[in-house]
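K.L.:
To be precise about what I am sending: the file is called structure.csv and holds CSV, N, CA and C atoms.
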chain,number,residue,atom,x,y,z
J,1,MET,N,-87.8,-73.0,-41.3
J,1,MET,CA,-87.7,-73.9,-40.3
J,1,MET,C,-88.2,-73.3,-39.0
J,2,VAL,N,-88.8,-74.2,-38.2
J,2,VAL,CA,-89.2,-73.7,-36.8
J,2,VAL,C,-88.0,-73.9,-35.9
J,3,LYS,N,-88.1,-73.4,-34.7
J,3,LYS,CA,-87.0,-73.4,-33.7
J,3,LYS,C,-86.5,-74.8,-33.5
J,4,GLU,N,-87.4,-75.8,-33.3
J,4,GLU,CA,-87.0,-77.2,-33.1
J,4,GLU,C,-86.2,-77.8,-34.2
J,5,GLU,N,-86.6,-77.4,-35.4
J,5,GLU,CA,-85.9,-77.9,-36.6
J,5,GLU,C,-84.5,-77.3,-36.7
J,6,ARG,N,-84.4,-76.0,-36.4
J,6,ARG,CA,-83.1,-75.3,-36.4
J,6,ARG,C,-82.1,-76.0,-35.4
J,7,GLU,N,-82.7,-76.3,-34.2
J,7,GLU,CA,-81.9,-76.9,-33.2
J,7,GLU,C,-81.4,-78.3,-33.6
J,8,ALA,N,-82.3,-79.0,-34.2
J,8,ALA,CA,-81.9,-80.4,-34.7
J,8,ALA,C,-80.9,-80.3,-35.8
J,9,ALA,N,-81.1,-79.3,-36.7
J,9,ALA,CA,-80.1,-79.1,-37.8
J,9,ALA,C,-78.7,-78.7,-37.2
J,10,ALA,N,-78.7,-77.9,-36.2
J,10,ALA,CA,-77.5,-77.5,-35.6
J,10,ALA,C,-76.8,-78.8,-35.0
J,11,GLU,N,-77.5,-79.7,-34.4
J,11,GLU,CA,-76.9,-80.9,-33.8
J,11,GLU,C,-76.3,-81.8,-34.9
J,12,VAL,N,-77.0,-81.9,-36.1
J,12,VAL,CA,-76.5,-82.7,-37.2
J,12,VAL,C,-75.2,-82.0,-37.7
J,13,LEU,N,-75.2,-80.7,-37.9
J,13,LEU,CA,-74.0,-80.1,-38.3
J,13,LEU,C,-72.8,-80.2,-37.3
J,14,LYS,N,-73.2,-80.1,-36.0
J,14,LYS,CA,-72.1,-80.3,-35.0
J,14,LYS,C,-71.5,-81.7,-35.1
J,15,ALA,N,-72.3,-82.7,-35.5
J,15,ALA,CA,-71.8,-84.1,-35.6
J,15,ALA,C,-70.8,-84.2,-36.8
J,16,LEU,N,-70.9,-83.3,-37.7
J,16,LEU,CA,-69.9,-83.3,-38.8
J,16,LEU,C,-68.7,-82.4,-38.5
J,17,ALA,N,-68.7,-81.6,-37.4
J,17,ALA,CA,-67.7,-80.6,-37.2
J,17,ALA,C,-66.4,-81.2,-36.5
J,18,HIS,N,-65.9,-82.2,-37.2
J,18,HIS,CA,-64.6,-82.8,-36.7
J,18,HIS,C,-63.9,-83.4,-37.9
J,19,PRO,N,-62.6,-83.2,-38.1
J,19,PRO,CA,-62.0,-83.7,-39.3
J,19,PRO,C,-62.1,-85.2,-39.5
J,20,VAL,N,-62.1,-86.0,-38.4
J,20,VAL,CA,-62.2,-87.5,-38.6
J,20,VAL,C,-63.6,-87.8,-39.0
J,21,ARG,N,-64.6,-87.2,-38.5
J,21,ARG,CA,-66.0,-87.5,-38.8
J,21,ARG,C,-66.3,-87.0,-40.3
J,22,LEU,N,-65.7,-85.9,-40.7
J,22,LEU,CA,-65.8,-85.5,-42.1
J,22,LEU,C,-65.2,-86.6,-43.0
J,23,GLY,N,-64.0,-87.1,-42.6
J,23,GLY,CA,-63.3,-88.1,-43.3
J,23,GLY,C,-64.1,-89.4,-43.5
J,24,VAL,N,-64.8,-89.7,-42.4
J,24,VAL,CA,-65.6,-90.9,-42.4
J,24,VAL,C,-66.7,-90.8,-43.5
J,25,VAL,N,-67.4,-89.7,-43.5
J,25,VAL,CA,-68.5,-89.5,-44.4
J,25,VAL,C,-67.9,-89.5,-45.9
J,26,GLU,N,-66.8,-88.8,-46.0
J,26,GLU,CA,-66.2,-88.8,-47.4
J,26,GLU,C,-65.8,-90.2,-47.9
J,27,ILE,N,-65.2,-91.0,-47.0
J,27,ILE,CA,-64.8,-92.4,-47.4
J,27,ILE,C,-66.1,-93.2,-47.7
J,28,LEU,N,-67.1,-93.1,-46.8
J,28,LEU,CA,-68.3,-93.9,-47.0
J,28,LEU,C,-69.1,-93.5,-48.2
J,29,ALA,N,-68.8,-92.3,-48.8
J,29,ALA,CA,-69.4,-91.9,-50.1
J,29,ALA,C,-69.0,-92.9,-51.2
J,30,GLY,N,-67.9,-93.6,-51.0
J,30,GLY,CA,-67.4,-94.6,-51.9
J,30,GLY,C,-68.0,-96.0,-51.7
J,31,GLY,N,-68.8,-96.1,-50.6
J,31,GLY,CA,-69.4,-97.4,-50.3
J,31,GLY,C,-69.0,-97.9,-48.9
J,32,GLU,N,-69.6,-99.0,-48.5
J,32,GLU,CA,-69.5,-99.5,-47.2
J,32,GLU,C,-68.0,-99.9,-46.9
J,33,ARG,N,-67.6,-99.6,-45.6
J,33,ARG,CA,-66.3,-100.0,-45.2
J,33,ARG,C,-66.4,-100.6,-43.8
J,34,THR,N,-65.4,-101.4,-43.4
J,34,THR,CA,-65.3,-101.9,-42.0
J,34,THR,C,-64.8,-100.7,-41.1
J,35,VAL,N,-65.0,-100.9,-39.9
J,35,VAL,CA,-64.4,-99.9,-38.9
J,35,VAL,C,-62.9,-99.9,-39.0
J,36,THR,N,-62.3,-101.1,-39.2
J,36,THR,CA,-60.9,-101.2,-39.3
J,36,THR,C,-60.4,-100.4,-40.5
J,37,GLN,N,-61.0,-100.6,-41.6
J,37,GLN,CA,-60.7,-99.9,-42.8
J,37,GLN,C,-60.7,-98.3,-42.6
J,38,LEU,N,-61.7,-97.9,-41.9
J,38,LEU,CA,-61.9,-96.5,-41.7
J,38,LEU,C,-60.8,-95.9,-40.8
J,39,TYR,N,-60.5,-96.6,-39.7
J,39,TYR,CA,-59.4,-96.0,-38.8
J,39,TYR,C,-58.1,-96.1,-39.4
J,40,GLU,N,-57.8,-97.2,-40.2
J,40,GLU,CA,-56.5,-97.3,-40.9
J,40,GLU,C,-56.4,-96.2,-41.9
J,41,GLU,N,-57.4,-96.0,-42.7
J,41,GLU,CA,-57.3,-95.0,-43.8
J,41,GLU,C,-57.2,-93.6,-43.2
J,42,LEU,N,-57.9,-93.3,-42.1
J,42,LEU,CA,-57.8,-92.0,-41.5
J,42,LEU,C,-56.7,-91.8,-40.6
J,43,GLY,N,-56.0,-92.8,-40.3
J,43,GLY,CA,-54.8,-92.7,-39.4
J,43,GLY,C,-55.1,-92.4,-38.0
J,44,CYS,N,-56.2,-92.9,-37.4
J,44,CYS,CA,-56.5,-92.7,-36.0
J,44,CYS,C,-56.6,-94.0,-35.3
J,45,SER,N,-56.8,-94.0,-34.0
J,45,SER,CA,-56.9,-95.2,-33.2
J,45,SER,C,-58.3,-95.8,-33.3
J,46,GLN,N,-58.4,-97.1,-32.9
J,46,GLN,CA,-59.7,-97.7,-32.9
J,46,GLN,C,-60.6,-97.1,-31.9
J,47,SER,N,-60.1,-96.6,-30.8
J,47,SER,CA,-61.0,-96.0,-29.8
J,47,SER,C,-61.5,-94.6,-30.3
J,48,MET,N,-60.6,-93.9,-31.0
J,48,MET,CA,-61.0,-92.6,-31.5
J,48,MET,C,-62.1,-92.8,-32.6
J,49,MET,N,-61.9,-93.8,-33.4
J,49,MET,CA,-62.9,-94.1,-34.5
J,49,MET,C,-64.2,-94.5,-33.8
J,50,SER,N,-64.2,-95.3,-32.8
J,50,SER,CA,-65.4,-95.7,-32.1
J,50,SER,C,-66.2,-94.5,-31.6
J,51,GLN,N,-65.5,-93.6,-31.0
J,51,GLN,CA,-66.1,-92.4,-30.5
J,51,GLN,C,-66.7,-91.5,-31.6
J,52,GLN,N,-66.0,-91.4,-32.7
J,52,GLN,CA,-66.5,-90.6,-33.8
J,52,GLN,C,-67.7,-91.2,-34.5
J,53,LEU,N,-67.7,-92.5,-34.6
J,53,LEU,CA,-68.8,-93.3,-35.2
J,53,LEU,C,-70.1,-93.2,-34.3
J,54,LYS,N,-69.9,-93.2,-33.0
J,54,LYS,CA,-71.0,-93.1,-32.1
J,54,LYS,C,-71.8,-91.8,-32.4
J,55,ILE,N,-71.0,-90.7,-32.5
J,55,ILE,CA,-71.6,-89.4,-32.8
J,55,ILE,C,-72.3,-89.3,-34.1
J,56,LEU,N,-71.7,-89.9,-35.1
J,56,LEU,CA,-72.3,-89.9,-36.4
J,56,LEU,C,-73.6,-90.8,-36.4
J,57,CYS,N,-73.6,-91.9,-35.7
J,57,CYS,CA,-74.7,-92.8,-35.6
J,57,CYS,C,-75.9,-92.1,-34.9
J,58,GLN,N,-75.6,-91.4,-33.8
J,58,GLN,CA,-76.6,-90.7,-33.0
J,58,GLN,C,-77.4,-89.7,-33.9
J,59,GLN,N,-76.8,-89.1,-34.9
J,59,GLN,CA,-77.5,-88.2,-35.7
J,59,GLN,C,-78.0,-88.8,-37.0
J,60,LYS,N,-77.9,-90.2,-37.1
J,60,LYS,CA,-78.4,-90.9,-38.2
J,60,LYS,C,-77.7,-90.6,-39.5
J,61,LEU,N,-76.4,-90.2,-39.4
J,61,LEU,CA,-75.6,-90.0,-40.6
J,61,LEU,C,-75.0,-91.2,-41.1
J,62,VAL,N,-74.6,-92.1,-40.2
J,62,VAL,CA,-73.9,-93.4,-40.5
J,62,VAL,C,-74.7,-94.5,-39.7
J,63,GLU,N,-74.7,-95.7,-40.4
J,63,GLU,CA,-75.3,-96.8,-39.7
J,63,GLU,C,-74.2,-97.9,-39.7
J,64,ILE,N,-74.3,-98.8,-38.7
J,64,ILE,CA,-73.3,-99.9,-38.5
J,64,ILE,C,-74.1,-101.2,-38.5
J,65,ARG,N,-73.6,-102.2,-39.2
J,65,ARG,CA,-74.2,-103.5,-39.1
J,65,ARG,C,-73.0,-104.5,-38.8
J,66,LYS,N,-73.4,-105.5,-38.0
J,66,LYS,CA,-72.4,-106.5,-37.6
J,66,LYS,C,-72.6,-107.7,-38.5
J,67,ASP,N,-71.5,-108.3,-38.9
J,67,ASP,CA,-71.4,-109.6,-39.6
J,67,ASP,C,-70.3,-110.4,-39.0
J,68,GLY,N,-70.7,-111.3,-38.1
J,68,GLY,CA,-69.7,-112.0,-37.4
J,68,GLY,C,-68.9,-111.1,-36.4
J,69,THR,N,-67.6,-111.0,-36.6
J,69,THR,CA,-66.8,-110.1,-35.7
J,69,THR,C,-66.6,-108.8,-36.4
J,70,GLN,N,-67.0,-108.6,-37.6
J,70,GLN,CA,-66.7,-107.4,-38.3
J,70,GLN,C,-67.9,-106.4,-38.2
J,71,LYS,N,-67.6,-105.1,-38.1
J,71,LYS,CA,-68.6,-104.1,-38.1
J,71,LYS,C,-68.5,-103.3,-39.4
J,72,TYR,N,-69.6,-103.2,-40.2
J,72,TYR,CA,-69.6,-102.5,-41.4
J,72,TYR,C,-70.3,-101.2,-41.3
J,73,CYS,N,-69.8,-100.1,-41.9
J,73,CYS,CA,-70.4,-98.8,-41.8
J,73,CYS,C,-70.8,-98.4,-43.2
J,74,SER,N,-71.9,-97.6,-43.2
J,74,SER,CA,-72.4,-97.1,-44.4
J,74,SER,C,-73.2,-95.8,-44.1
J,75,LEU,N,-73.4,-95.0,-45.1
J,75,LEU,CA,-74.2,-93.8,-45.0
J,75,LEU,C,-75.7,-94.1,-44.9
J,76,CYS,N,-76.3,-93.3,-44.1
J,76,CYS,CA,-77.8,-93.5,-43.9
J,76,CYS,C,-78.5,-92.8,-45.1
J,77,ASN,N,-78.0,-91.6,-45.5
J,77,ASN,CA,-78.7,-90.8,-46.4
J,77,ASN,C,-77.6,-90.2,-47.4
J,78,ARG,N,-77.5,-90.8,-48.6
J,78,ARG,CA,-76.5,-90.3,-49.5
J,78,ARG,C,-76.8,-88.9,-50.0
J,79,ASP,N,-78.0,-88.4,-49.9
J,79,ASP,CA,-78.3,-87.1,-50.3
J,79,ASP,C,-77.5,-86.1,-49.5
J,80,PHE,N,-77.1,-86.5,-48.3
J,80,PHE,CA,-76.4,-85.6,-47.4
J,80,PHE,C,-75.0,-85.2,-48.0
J,81,LEU,N,-74.5,-86.0,-49.0
J,81,LEU,CA,-73.3,-85.7,-49.7
J,81,LEU,C,-73.3,-84.4,-50.4
J,82,LYS,N,-74.5,-83.8,-50.7
J,82,LYS,CA,-74.6,-82.5,-51.3
J,82,LYS,C,-73.9,-81.4,-50.5
J,83,VAL,N,-74.0,-81.6,-49.2
J,83,VAL,CA,-73.3,-80.7,-48.3
J,83,VAL,C,-71.8,-80.6,-48.6
J,84,PHE,N,-71.2,-81.8,-48.9
J,84,PHE,CA,-69.8,-81.8,-49.2
J,84,PHE,C,-69.5,-81.1,-50.5
J,85,THR,N,-70.4,-81.2,-51.5
J,85,THR,CA,-70.2,-80.5,-52.7
J,85,THR,C,-70.2,-79.0,-52.5
J,86,CYS,N,-71.1,-78.5,-51.7
J,86,CYS,CA,-71.2,-77.1,-51.3
J,86,CYS,C,-69.9,-76.7,-50.6
J,87,MET,N,-69.5,-77.5,-49.6
J,87,MET,CA,-68.3,-77.2,-48.9
J,87,MET,C,-67.0,-77.1,-49.8
J,88,HIS,N,-66.9,-78.1,-50.6
J,88,HIS,CA,-65.8,-78.1,-51.6
J,88,HIS,C,-65.7,-76.9,-52.4
J,89,LYS,N,-66.9,-76.5,-52.9
J,89,LYS,CA,-67.0,-75.2,-53.7
J,89,LYS,C,-66.6,-74.0,-52.9
J,90,HIS,N,-67.1,-73.9,-51.7
J,90,HIS,CA,-66.8,-72.8,-50.8
J,90,HIS,C,-65.3,-72.7,-50.5
J,91,LEU,N,-64.7,-73.8,-50.2
J,91,LEU,CA,-63.3,-73.8,-49.8
J,91,LEU,C,-62.4,-73.4,-51.0
J,92,ARG,N,-62.8,-73.8,-52.2
J,92,ARG,CA,-62.0,-73.4,-53.4
J,92,ARG,C,-62.3,-71.9,-53.8
J,93,GLN,N,-63.6,-71.6,-53.8
J,93,GLN,CA,-64.0,-70.3,-54.4
J,93,GLN,C,-63.7,-69.1,-53.4
J,94,PHE,N,-63.9,-69.4,-52.1
J,94,PHE,CA,-63.9,-68.3,-51.1
J,94,PHE,C,-62.7,-68.3,-50.2
J,95,LEU,N,-62.1,-69.5,-50.0
J,95,LEU,CA,-61.0,-69.6,-49.0
J,95,LEU,C,-59.7,-70.0,-49.7
J,96,ASN,N,-59.7,-70.0,-51.0
J,96,ASN,CA,-58.5,-70.2,-51.8
J,96,ASN,C,-57.8,-71.5,-51.7
J,97,PHE,N,-58.5,-72.6,-51.4
J,97,PHE,CA,-57.9,-73.9,-51.4
J,97,PHE,C,-57.8,-74.4,-52.8
J,98,GLN,N,-56.8,-75.2,-53.1
J,98,GLN,CA,-56.6,-75.7,-54.4
J,98,GLN,C,-56.8,-77.2,-54.4
J,99,ASP,N,-57.1,-77.8,-55.5
J,99,ASP,CA,-57.2,-79.3,-55.6
J,99,ASP,C,-55.8,-79.9,-55.7
Could you rewrite the structure in this file as structure tokens?
P.N.:
Amino acid sequence: MVKEEREAAAEVLKALAHPVRLGVVEILAGGERTVTQLYEELGCSQSMMSQQLKILCQQKLVEIRKDGTQKYCSLCNRDFLKVFTCMHKHLRQFLNFQD
């Protein structure tokens, strides 16, 4: 990677560096959800979810579409879920987390 790519990669990884944002990506791995479903499932406020989705959208990790009054969220790039597979393995193998 060249310097600009490393900097861009760091920004994408920073966008994931929050428990709520990680939770959003994990939930969306199962398919499209409404904003309401996301904040209810993750136990945070609507305003907190809005802030977190803005960050994920800025890095093109999540996209939002409106249908009437509802906002639906989905992953932009499902291949990105491979990062979660690597993280899951690291947590269990090296940091002694259990399923």
K.L.:
Please indicate the distance in Å from atom CA of Val24 of chain J to atom CA of Gln70 of chain J, rounded to one decimal place.
P.N.:
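These two atoms are separated by 17.0 Å.
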K.L.:
Do a neighbour search on segment 18-22 of chain J at 7 Å with only C-alpha atoms, toss out local chain neighbours closer than 2 positions, and write the hits as a list in words.
P.N.:
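Everything that qualifies: Leu16, Val24, Val25, Glu26, Leu42 and Gln52 of chain J.
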K.L.:
Expressed in Å to a single decimal, how great is the separation between atom CA of Glu32 of chain J and atom CA of Lys54 of chain J?
P.N.:
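Distance reported for this atom pair: 16.5 Å.
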K.L.:
Mind giving me the straight-line distance from atom CA of Leu28 of chain J to atom C of Lys82 of chain J in Å, one decimal?
P.N.:
14.1 Å
K.L.:
If we count only C-alpha atoms, what is near Ala15 of chain J at a cut-off of 8 Å, once residues fewer than 5 positions away on the same chain are taken out, given as a list of chain:residue names?
P.N.:
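Within the cut-off, the hits are J:Arg21, J:Ile55, J:Leu56, J:Gln59.
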K.L.:
Which is closest to Thr69 of chain J among J:Val2, J:Val35, J:Ala8, J:Leu13, if we use only C-alpha atoms?
P.N.:
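So, comparing all the options, the nearest one is J:Val35.
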K.L.:
Choose the residue, out of J:Leu38, J:Val12, J:Val83, J:Cys73, that has the smallest atom-to-atom separation from Lys60 of chain J; count all atoms listed in the file.
P.N.:
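Closest to Lys60 of chain J, using all atoms listed in the file: J:Val12.
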K.L.:
Among segment 12-83 of chain J, which residues does DSSP mark as alpha helix (DSSP H) when it is run on the backbone? Keep the chain and numbering as in the structure and answer as a PyMOL selection string.
P.N.:
chain J and resi 12-16+19-28+35-42+46-58+82-83
K.L.:
Find, counting all atoms listed in the file, the residue in J:Asp99, J:Tyr39, J:Met49, J:Arg33 that gets nearest to Lys71 of chain J.
P.N.:
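Selected residue with least distance to Lys71 of chain J: J:Arg33.
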K.L.:
So which one's closest to Ser74 of chain J, J:Ala17, J:Cys44, J:Leu53, J:Cys86? Using only C-alpha atoms, please.
P.N.:
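Counting only C-alpha atoms, the residue closest to Ser74 of chain J is J:Leu53.
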K.L.:
Which of chain J end up as strand (DSSP E) when DSSP is run on this backbone - answer as a ChimeraX atom specification?
P.N.:
/J:33-34,62-67,70-75
K.L.:
Of the candidates J:Glu7, J:Thr34, J:Gln51, J:Ile27, which one gets nearest to Arg65 of chain J if we count only C-alpha atoms?
P.N.:
J:Thr34
K.L.:
Write out as a list in words the residues lying within 5 Å of Cys76 of chain J, counting all atoms listed in the file and excluding same-chain residues fewer than 5 positions away.
P.N.:
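In the requested format, the answer is Leu61, Val62 and Glu63 of chain J.
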